[in-house]
Amino acid sequence: PRANIVTRMASQAKTILVSLIGKPGSGKGTYGALLASRYKNLTFLSVGDVLRHNAKRNETLRRVLTSGKLVDDTIVNEAVIESLQEGNLQQLKTQSGNDNTAKTLNDGREHVILDGFPRTDAQTKLLSEWPSTLEPALAIYFDVPDDIVITKLLGRRKCAICGGNFNVNGVDQNGWDMPPLLPSNDCKEKCDWDVHWEKRDDDTADIIKERMQVFREETEPVLESWSNNNRLLTFVPYKGVKEMDRLAGVLENYFHKHSL
């Protein structure tokens with residue numbers, strides 16, 4: 001029960017939360033994971049991955065996810081809070097790992113990137129009921145045009161063998177330069193791309209159209225809420241993952257200017 005989870009979290013040290021917001025296909029999951037690998041005290045949590053994992057044992061949830069619609073706000077909220085429990089968070093941290101040059105972000109406290117939460121105004125309001133040990137600090141909005149995200153969505157692939165996330169579609173137009181995101185040599189040696197690369201069930205033209213409409217109706221108002229509290233950063237990733245140094249600089253600069 002949620003009350004028990006909140007009680008167990010009361011003794012945890014404060015965790016700083018950074019929300020990533022963007023249209024489907026804007027790359028927020030990729031950028032979030034790469035950011036987390038740069039810092040010893042930054043963990044990446046994909047809310048979509050949590051829900052898809054839960055959907056394996058919940059057929060109703062699976063149907064909602066594959067329809068392109070949003071999952072009930074209360075279900076999402078409870079799933080995120082449970083994932084942020086100390087034990088679950090430590091497991092996530094162990095799984096994600098850091099590169100050899102990882103440094104400390106901000107003041108050394110634990111920080112978590114939330115990819116995909118909050119997505120609705122109701123979810124934003126639920127944040128006020130979270131344990132005081134969880135502090136929503138800011139949101140980063142990845143501003144990418146519709147035609148770009150649709151191209152990237154249709155190119156998304158996940159390898160069933162190595163677990164890697166790739167993209168077979170590239171973009172080179174109007175100042176946008178995003179080459180295909182292809183696997184390392186290790187994956188090339190282990191995997192048959194024609195057999196092991198999988199598309200998500202919701203990466204179809206019809207469902208993408210539905211998801212874009214849901215974003216405009218449900219998630220764009222969330223941006224206004226963060227902006228009104230002076231906690232919204234807008235980032236335009238013209239060159240995709242080649243913008244990681246600039247993105248990390250934006251995040252570090254925010255924490256340098258704001259005492260949290």
# chains A, B, ... in the order shown; residues from 1 in each chain; ligands from 1
>>> select_by_dssp(residues="stretch 157-209 of chain A", states="alpha helix (DSSP H)", output="PyMOL selection string")
chain A and resi 185-190+193-196+205-209
>>> residues_around(residues="stretch 102-116 of chain A", least_positions_apart="6", cutoff="8 Å", atoms="only C-alpha atoms", output="PyMOL selection string")
chain A and resi 14-21+28-29+32+36-48+252+255-256
>>> closest_residue(among="A:Ile208, A:Val241, A:Ala122, A:Leu92", to="A:Asp72", atoms="only C-alpha atoms")
A:Ala122
>>> closest_residue(among="A:Pro136, A:Pro24, A:Gly175, A:Pro237", to="A:Leu154", atoms="only C-alpha atoms")
A:Pro24
>>> select_by_dssp(residues="stretch 129-163 of chain A", states="strand (DSSP E)", output="JSON list (two decimals) with N, CA, C and O atoms, in the first residue's frame")
[["chain", "number", "residue", "atom", "x", "y", "z"],
["A", 134, "LEU", "N", 11.71, 13.36, -1.25],
["A", 134, "LEU", "CA", 11.81, 13.45, -2.70],
["A", 134, "LEU", "C", 11.52, 14.89, -3.11],
["A", 134, "LEU", "O", 10.42, 15.39, -2.90],
["A", 135, "GLU", "N", 12.50, 15.55, -3.69],
["A", 135, "GLU", "CA", 12.36, 16.97, -4.02],
["A", 135, "GLU", "C", 12.42, 17.21, -5.53],
["A", 135, "GLU", "O", 13.50, 17.15, -6.13],
["A", 136, "PRO", "N", 11.27, 17.48, -6.17],
["A", 136, "PRO", "CA", 11.28, 17.82, -7.60],
["A", 136, "PRO", "C", 11.99, 19.16, -7.81],
["A", 136, "PRO", "O", 11.53, 20.20, -7.33],
["A", 137, "ALA", "N", 13.14, 19.14, -8.48],
["A", 137, "ALA", "CA", 13.95, 20.34, -8.60],
["A", 137, "ALA", "C", 13.68, 21.12, -9.88],
["A", 137, "ALA", "O", 13.53, 22.35, -9.85],
["A", 138, "LEU", "N", 13.61, 20.42, -11.00],
["A", 138, "LEU", "CA", 13.42, 21.10, -12.27],
["A", 138, "LEU", "C", 12.96, 20.12, -13.33],
["A", 138, "LEU", "O", 13.03, 18.90, -13.14],
["A", 139, "ALA", "N", 12.51, 20.67, -14.45],
["A", 139, "ALA", "CA", 12.17, 19.86, -15.62],
["A", 139, "ALA", "C", 12.95, 20.38, -16.81],
["A", 139, "ALA", "O", 13.15, 21.59, -16.96],
["A", 140, "ILE", "N", 13.41, 19.45, -17.64],
["A", 140, "ILE", "CA", 14.07, 19.80, -18.89],
["A", 140, "ILE", "C", 13.15, 19.39, -20.03],
["A", 140, "ILE", "O", 12.78, 18.22, -20.13],
["A", 141, "TYR", "N", 12.80, 20.36, -20.86],
["A", 141, "TYR", "CA", 11.92, 20.09, -22.00],
["A", 141, "TYR", "C", 12.76, 20.02, -23.27],
["A", 141, "TYR", "O", 13.46, 20.96, -23.63],
["A", 142, "PHE", "N", 12.68, 18.87, -23.96],
["A", 142, "PHE", "CA", 13.40, 18.69, -25.22],
["A", 142, "PHE", "C", 12.47, 19.12, -26.35],
["A", 142, "PHE", "O", 11.49, 18.44, -26.65],
["A", 156, "ARG", "N", 13.09, 3.48, -34.28],
["A", 156, "ARG", "CA", 13.56, 2.92, -33.00],
["A", 156, "ARG", "C", 13.60, 1.40, -33.04],
["A", 156, "ARG", "O", 12.68, 0.75, -33.52],
["A", 157, "ARG", "N", 14.68, 0.84, -32.47],
["A", 157, "ARG", "CA", 14.82, -0.60, -32.35],
["A", 157, "ARG", "C", 15.47, -0.93, -31.00],
["A", 157, "ARG", "O", 16.22, -0.14, -30.45],
["A", 158, "LYS", "N", 15.14, -2.12, -30.49],
["A", 158, "LYS", "CA", 15.77, -2.62, -29.27],
["A", 158, "LYS", "C", 16.27, -4.03, -29.54],
["A", 158, "LYS", "O", 15.53, -4.85, -30.11],
["A", 159, "CYS", "N", 17.49, -4.32, -29.16],
["A", 159, "CYS", "CA", 18.06, -5.65, -29.40],
["A", 159, "CYS", "C", 17.64, -6.61, -28.29],
["A", 159, "CYS", "O", 17.87, -6.34, -27.11]]
>>> atom_distance(atom1="atom CA of A:Met178", atom2="atom CA of A:Gly240")
5.3 Å
>>> atom_distance(atom1="atom CA of A:Lys69", atom2="atom CA of A:Gln91")
29.1 Å
>>> residues_around(residues="stretch 197-202 of chain A", least_positions_apart="6", cutoff="10 Å", atoms="only C-alpha atoms", output="number ranges by chain")
A: 62, 65-69, 153-166, 191, 208, 210-211
>>> closest_residue(among="A:Gly27, A:Pro118, A:Pro180, A:Gly22", to="A:Ser225", atoms="only C-alpha atoms")
A:Pro118
>>> closest_residue(among="A:Lys152, A:Lys190, A:His196, A:Arg119", to="A:Leu70", atoms="only C-alpha atoms")
A:Arg119
>>> decode(residues="stretch 213-248 of chain A", atoms="N, CA, C and O atoms", output="PDB file, in the first residue's frame")
ATOM      1  N   GLN A 213      -1.083  13.582 -30.244  1.00  0.00           N
ATOM      2  CA  GLN A 213      -2.271  14.315 -29.826  1.00  0.00           C
ATOM      3  C   GLN A 213      -2.406  14.310 -28.303  1.00  0.00           C
ATOM      4  O   GLN A 213      -2.740  15.331 -27.686  1.00  0.00           O
ATOM      5  N   VAL A 214      -2.117  13.164 -27.687  1.00  0.00           N
ATOM      6  CA  VAL A 214      -2.158  13.058 -26.223  1.00  0.00           C
ATOM      7  C   VAL A 214      -1.143  14.013 -25.600  1.00  0.00           C
ATOM      8  O   VAL A 214      -1.428  14.677 -24.596  1.00  0.00           O
ATOM      9  N   PHE A 215       0.047  14.101 -26.212  1.00  0.00           N
ATOM     10  CA  PHE A 215       1.069  15.008 -25.683  1.00  0.00           C
ATOM     11  C   PHE A 215       0.573  16.444 -25.688  1.00  0.00           C
ATOM     12  O   PHE A 215       0.715  17.178 -24.705  1.00  0.00           O
ATOM     13  N   ARG A 216      -0.010  16.862 -26.815  1.00  0.00           N
ATOM     14  CA  ARG A 216      -0.479  18.240 -26.912  1.00  0.00           C
ATOM     15  C   ARG A 216      -1.578  18.537 -25.884  1.00  0.00           C
ATOM     16  O   ARG A 216      -1.615  19.617 -25.291  1.00  0.00           O
ATOM     17  N   GLU A 217      -2.459  17.568 -25.667  1.00  0.00           N
ATOM     18  CA  GLU A 217      -3.583  17.795 -24.771  1.00  0.00           C
ATOM     19  C   GLU A 217      -3.213  17.663 -23.296  1.00  0.00           C
ATOM     20  O   GLU A 217      -3.698  18.431 -22.459  1.00  0.00           O
ATOM     21  N   GLU A 218      -2.374  16.676 -22.977  1.00  0.00           N
ATOM     22  CA  GLU A 218      -2.120  16.333 -21.574  1.00  0.00           C
ATOM     23  C   GLU A 218      -0.794  16.869 -21.031  1.00  0.00           C
ATOM     24  O   GLU A 218      -0.714  17.271 -19.872  1.00  0.00           O
ATOM     25  N   THR A 219       0.249  16.873 -21.865  1.00  0.00           N
ATOM     26  CA  THR A 219       1.583  17.168 -21.338  1.00  0.00           C
ATOM     27  C   THR A 219       2.001  18.616 -21.522  1.00  0.00           C
ATOM     28  O   THR A 219       2.713  19.163 -20.671  1.00  0.00           O
ATOM     29  N   GLU A 220       1.567  19.273 -22.588  1.00  0.00           N
ATOM     30  CA  GLU A 220       1.946  20.672 -22.767  1.00  0.00           C
ATOM     31  C   GLU A 220       1.533  21.554 -21.587  1.00  0.00           C
ATOM     32  O   GLU A 220       2.284  22.446 -21.189  1.00  0.00           O
ATOM     33  N   PRO A 221       0.352  21.332 -20.959  1.00  0.00           N
ATOM     34  CA  PRO A 221       0.016  22.127 -19.765  1.00  0.00           C
ATOM     35  C   PRO A 221       0.987  21.913 -18.599  1.00  0.00           C
ATOM     36  O   PRO A 221       1.138  22.801 -17.749  1.00  0.00           O
ATOM     37  N   VAL A 222       1.628  20.759 -18.552  1.00  0.00           N
ATOM     38  CA  VAL A 222       2.609  20.493 -17.491  1.00  0.00           C
ATOM     39  C   VAL A 222       3.794  21.451 -17.619  1.00  0.00           C
ATOM     40  O   VAL A 222       4.349  21.917 -16.619  1.00  0.00           O
ATOM     41  N   LEU A 223       4.177  21.768 -18.853  1.00  0.00           N
ATOM     42  CA  LEU A 223       5.283  22.700 -19.080  1.00  0.00           C
ATOM     43  C   LEU A 223       4.974  24.058 -18.464  1.00  0.00           C
ATOM     44  O   LEU A 223       5.846  24.708 -17.868  1.00  0.00           O
ATOM     45  N   GLU A 224       3.736  24.496 -18.595  1.00  0.00           N
ATOM     46  CA  GLU A 224       3.335  25.791 -18.032  1.00  0.00           C
ATOM     47  C   GLU A 224       3.488  25.800 -16.520  1.00  0.00           C
ATOM     48  O   GLU A 224       3.926  26.799 -15.934  1.00  0.00           O
ATOM     49  N   SER A 225       3.158  24.675 -15.883  1.00  0.00           N
ATOM     50  CA  SER A 225       3.271  24.587 -14.425  1.00  0.00           C
ATOM     51  C   SER A 225       4.724  24.737 -13.974  1.00  0.00           C
ATOM     52  O   SER A 225       5.030  25.494 -13.054  1.00  0.00           O
ATOM     53  N   TRP A 226       5.632  24.015 -14.651  1.00  0.00           N
ATOM     54  CA  TRP A 226       7.061  24.127 -14.305  1.00  0.00           C
ATOM     55  C   TRP A 226       7.569  25.541 -14.596  1.00  0.00           C
ATOM     56  O   TRP A 226       8.343  26.108 -13.813  1.00  0.00           O
ATOM     57  N   SER A 227       7.139  26.115 -15.708  1.00  0.00           N
ATOM     58  CA  SER A 227       7.594  27.454 -16.085  1.00  0.00           C
ATOM     59  C   SER A 227       7.136  28.499 -15.074  1.00  0.00           C
ATOM     60  O   SER A 227       7.890  29.412 -14.714  1.00  0.00           O
ATOM     61  N   ASN A 228       5.901  28.373 -14.612  1.00  0.00           N
ATOM     62  CA  ASN A 228       5.368  29.336 -13.642  1.00  0.00           C
ATOM     63  C   ASN A 228       6.149  29.320 -12.342  1.00  0.00           C
ATOM     64  O   ASN A 228       6.138  30.312 -11.591  1.00  0.00           O
ATOM     65  N   ASN A 229       6.805  28.197 -12.053  1.00  0.00           N
ATOM     66  CA  ASN A 229       7.615  28.088 -10.842  1.00  0.00           C
ATOM     67  C   ASN A 229       9.101  28.307 -11.121  1.00  0.00           C
ATOM     68  O   ASN A 229       9.947  28.029 -10.264  1.00  0.00           O
ATOM     69  N   ASN A 230       9.403  28.819 -12.319  1.00  0.00           N
ATOM     70  CA  ASN A 230      10.790  29.093 -12.728  1.00  0.00           C
ATOM     71  C   ASN A 230      11.696  27.875 -12.603  1.00  0.00           C
ATOM     72  O   ASN A 230      12.857  27.968 -12.207  1.00  0.00           O
ATOM     73  N   ARG A 231      11.128  26.720 -12.962  1.00  0.00           N
ATOM     74  CA  ARG A 231      11.907  25.479 -12.867  1.00  0.00           C
ATOM     75  C   ARG A 231      11.875  24.695 -14.186  1.00  0.00           C
ATOM     76  O   ARG A 231      11.954  23.471 -14.174  1.00  0.00           O
ATOM     77  N   LEU A 232      11.775  25.414 -15.277  1.00  0.00           N
ATOM     78  CA  LEU A 232      11.741  24.766 -16.586  1.00  0.00           C
ATOM     79  C   LEU A 232      12.920  25.216 -17.429  1.00  0.00           C
ATOM     80  O   LEU A 232      13.152  26.417 -17.604  1.00  0.00           O
ATOM     81  N   LEU A 233      13.662  24.252 -17.944  1.00  0.00           N
ATOM     82  CA  LEU A 233      14.729  24.518 -18.903  1.00  0.00           C
ATOM     83  C   LEU A 233      14.313  23.935 -20.247  1.00  0.00           C
ATOM     84  O   LEU A 233      13.856  22.794 -20.317  1.00  0.00           O
ATOM     85  N   THR A 234      14.448  24.710 -21.310  1.00  0.00           N
ATOM     86  CA  THR A 234      14.148  24.216 -22.653  1.00  0.00           C
ATOM     87  C   THR A 234      15.455  23.960 -23.393  1.00  0.00           C
ATOM     88  O   THR A 234      16.331  24.831 -23.431  1.00  0.00           O
ATOM     89  N   PHE A 235      15.570  22.759 -23.964  1.00  0.00           N
ATOM     90  CA  PHE A 235      16.800  22.367 -24.652  1.00  0.00           C
ATOM     91  C   PHE A 235      16.448  21.887 -26.057  1.00  0.00           C
ATOM     92  O   PHE A 235      15.566  21.037 -26.224  1.00  0.00           O
ATOM     93  N   VAL A 236      17.130  22.438 -27.069  1.00  0.00           N
ATOM     94  CA  VAL A 236      16.897  22.046 -28.457  1.00  0.00           C
ATOM     95  C   VAL A 236      18.106  21.237 -28.938  1.00  0.00           C
ATOM     96  O   VAL A 236      19.170  21.800 -29.186  1.00  0.00           O
ATOM     97  N   PRO A 237      17.954  19.918 -29.047  1.00  0.00           N
ATOM     98  CA  PRO A 237      19.094  19.046 -29.384  1.00  0.00           C
ATOM     99  C   PRO A 237      19.312  18.904 -30.889  1.00  0.00           C
ATOM    100  O   PRO A 237      19.081  17.843 -31.476  1.00  0.00           O
ATOM    101  N   TYR A 238      19.780  19.978 -31.534  1.00  0.00           N
ATOM    102  CA  TYR A 238      19.918  19.982 -32.989  1.00  0.00           C
ATOM    103  C   TYR A 238      20.786  18.839 -33.511  1.00  0.00           C
ATOM    104  O   TYR A 238      20.543  18.309 -34.589  1.00  0.00           O
ATOM    105  N   LYS A 239      21.779  18.451 -32.730  1.00  0.00           N
ATOM    106  CA  LYS A 239      22.704  17.427 -33.204  1.00  0.00           C
ATOM    107  C   LYS A 239      22.609  16.125 -32.407  1.00  0.00           C
ATOM    108  O   LYS A 239      23.551  15.339 -32.356  1.00  0.00           O
ATOM    109  N   GLY A 240      21.458  15.903 -31.777  1.00  0.00           N
ATOM    110  CA  GLY A 240      21.236  14.648 -31.074  1.00  0.00           C
ATOM    111  C   GLY A 240      22.239  14.398 -29.964  1.00  0.00           C
ATOM    112  O   GLY A 240      22.554  15.295 -29.174  1.00  0.00           O
ATOM    113  N   VAL A 241      22.764  13.184 -29.902  1.00  0.00           N
ATOM    114  CA  VAL A 241      23.659  12.808 -28.802  1.00  0.00           C
ATOM    115  C   VAL A 241      24.980  13.563 -28.837  1.00  0.00           C
ATOM    116  O   VAL A 241      25.715  13.573 -27.849  1.00  0.00           O
ATOM    117  N   LYS A 242      25.282  14.226 -29.964  1.00  0.00           N
ATOM    118  CA  LYS A 242      26.501  15.037 -30.020  1.00  0.00           C
ATOM    119  C   LYS A 242      26.360  16.304 -29.184  1.00  0.00           C
ATOM    120  O   LYS A 242      27.324  17.051 -29.000  1.00  0.00           O
ATOM    121  N   GLU A 243      25.159  16.547 -28.660  1.00  0.00           N
ATOM    122  CA  GLU A 243      24.898  17.718 -27.820  1.00  0.00           C
ATOM    123  C   GLU A 243      25.068  17.413 -26.329  1.00  0.00           C
ATOM    124  O   GLU A 243      24.742  18.251 -25.490  1.00  0.00           O
ATOM    125  N   MET A 244      25.577  16.240 -25.988  1.00  0.00           N
ATOM    126  CA  MET A 244      25.606  15.837 -24.575  1.00  0.00           C
ATOM    127  C   MET A 244      26.453  16.760 -23.705  1.00  0.00           C
ATOM    128  O   MET A 244      26.083  17.052 -22.566  1.00  0.00           O
ATOM    129  N   ASP A 245      27.571  17.227 -24.202  1.00  0.00           N
ATOM    130  CA  ASP A 245      28.399  18.141 -23.407  1.00  0.00           C
ATOM    131  C   ASP A 245      27.638  19.422 -23.097  1.00  0.00           C
ATOM    132  O   ASP A 245      27.683  19.948 -21.971  1.00  0.00           O
ATOM    133  N   ARG A 246      26.925  19.933 -24.094  1.00  0.00           N
ATOM    134  CA  ARG A 246      26.143  21.165 -23.891  1.00  0.00           C
ATOM    135  C   ARG A 246      25.005  20.927 -22.907  1.00  0.00           C
ATOM    136  O   ARG A 246      24.729  21.756 -22.029  1.00  0.00           O
ATOM    137  N   LEU A 247      24.342  19.770 -23.012  1.00  0.00           N
ATOM    138  CA  LEU A 247      23.245  19.452 -22.098  1.00  0.00           C
ATOM    139  C   LEU A 247      23.754  19.322 -20.662  1.00  0.00           C
ATOM    140  O   LEU A 247      23.138  19.838 -19.724  1.00  0.00           O
ATOM    141  N   ALA A 248      24.874  18.635 -20.486  1.00  0.00           N
ATOM    142  CA  ALA A 248      25.450  18.496 -19.145  1.00  0.00           C
ATOM    143  C   ALA A 248      25.816  19.860 -18.578  1.00  0.00           C
ATOM    144  O   ALA A 248      25.605  20.129 -17.385  1.00  0.00           O
TER     145      ALA A 248
END
